Amino acid sequence: MCNLSKGIKDSGIAIGREEGLEEGQELEKKATARRLRKMGMPLELIAQSVERGEETVLKWLSEEETTG
């Protein structure tokens, strides 16, 4: 494999890993928001805790209600 091809491949792998980490972190934030809501925490504090806006957290929580 030539150096250019190897560089492109390595770059693609690095990007994929980063995207996977970000997706995993987002899923963990969603799960945390759901647990905090079940514990009775107010929406504003949940949003602060998971470092997302209240609208995003509301969307996550409504997805939980519709899926199960």
# chains A, B, ... in the order shown; residues from 1 in each chain; ligands from 1
call {"tool": "residues_around", "arguments": {"residues": "A:Pro42", "least_positions_apart": "6", "cutoff": "12 Å", "atoms": "only C-alpha atoms", "output": "list in words"}}
result
Ala33, Arg34, Arg35, Leu36, Gln48, Ser49, Glu54, Val57 and Leu58 of chain A
call {"tool": "decode", "arguments": {"residues": "stretch 16-28 of chain A", "atoms": "N, CA and C atoms", "output": "PDB file, in the first residue's frame"}}
result
ATOM      1  N   GLY A  16     -13.688   7.435  12.128  1.00  0.00           N
ATOM      2  CA  GLY A  16     -14.695   6.466  12.558  1.00  0.00           C
ATOM      3  C   GLY A  16     -14.674   6.228  14.056  1.00  0.00           C
ATOM      4  N   ARG A  17     -13.499   6.139  14.611  1.00  0.00           N
ATOM      5  CA  ARG A  17     -13.383   5.955  16.064  1.00  0.00           C
ATOM      6  C   ARG A  17     -13.942   7.156  16.806  1.00  0.00           C
ATOM      7  N   GLU A  18     -13.604   8.340  16.350  1.00  0.00           N
ATOM      8  CA  GLU A  18     -14.089   9.565  16.991  1.00  0.00           C
ATOM      9  C   GLU A  18     -15.611   9.642  16.923  1.00  0.00           C
ATOM     10  N   GLU A  19     -16.172   9.323  15.771  1.00  0.00           N
ATOM     11  CA  GLU A  19     -17.630   9.350  15.629  1.00  0.00           C
ATOM     12  C   GLU A  19     -18.273   8.307  16.538  1.00  0.00           C
ATOM     13  N   GLY A  20     -17.656   7.162  16.659  1.00  0.00           N
ATOM     14  CA  GLY A  20     -18.179   6.123  17.536  1.00  0.00           C
ATOM     15  C   GLY A  20     -18.155   6.552  18.993  1.00  0.00           C
ATOM     16  N   LEU A  21     -17.082   7.192  19.404  1.00  0.00           N
ATOM     17  CA  LEU A  21     -16.994   7.695  20.774  1.00  0.00           C
ATOM     18  C   LEU A  21     -18.058   8.747  21.045  1.00  0.00           C
ATOM     19  N   GLU A  22     -18.236   9.658  20.100  1.00  0.00           N
ATOM     20  CA  GLU A  22     -19.244  10.701  20.268  1.00  0.00           C
ATOM     21  C   GLU A  22     -20.646  10.103  20.360  1.00  0.00           C
ATOM     22  N   GLU A  23     -20.927   9.113  19.536  1.00  0.00           N
ATOM     23  CA  GLU A  23     -22.237   8.471  19.561  1.00  0.00           C
ATOM     24  C   GLU A  23     -22.458   7.759  20.888  1.00  0.00           C
ATOM     25  N   GLY A  24     -21.426   7.093  21.377  1.00  0.00           N
ATOM     26  CA  GLY A  24     -21.523   6.414  22.668  1.00  0.00           C
ATOM     27  C   GLY A  24     -21.758   7.390  23.806  1.00  0.00           C
ATOM     28  N   GLN A  25     -21.081   8.520  23.763  1.00  0.00           N
ATOM     29  CA  GLN A  25     -21.262   9.537  24.795  1.00  0.00           C
ATOM     30  C   GLN A  25     -22.675  10.106  24.753  1.00  0.00           C
ATOM     31  N   GLU A  26     -23.195  10.300  23.561  1.00  0.00           N
ATOM     32  CA  GLU A  26     -24.555  10.827  23.419  1.00  0.00           C
ATOM     33  C   GLU A  26     -25.573   9.822  23.972  1.00  0.00           C
ATOM     34  N   LEU A  27     -25.374   8.554  23.702  1.00  0.00           N
ATOM     35  CA  LEU A  27     -26.284   7.528  24.231  1.00  0.00           C
ATOM     36  C   LEU A  27     -26.226   7.489  25.748  1.00  0.00           C
ATOM     37  N   GLU A  28     -25.042   7.670  26.307  1.00  0.00           N
ATOM     38  CA  GLU A  28     -24.896   7.681  27.765  1.00  0.00           C
ATOM     39  C   GLU A  28     -25.588   8.897  28.373  1.00  0.00           C
TER      40      GLU A  28
END
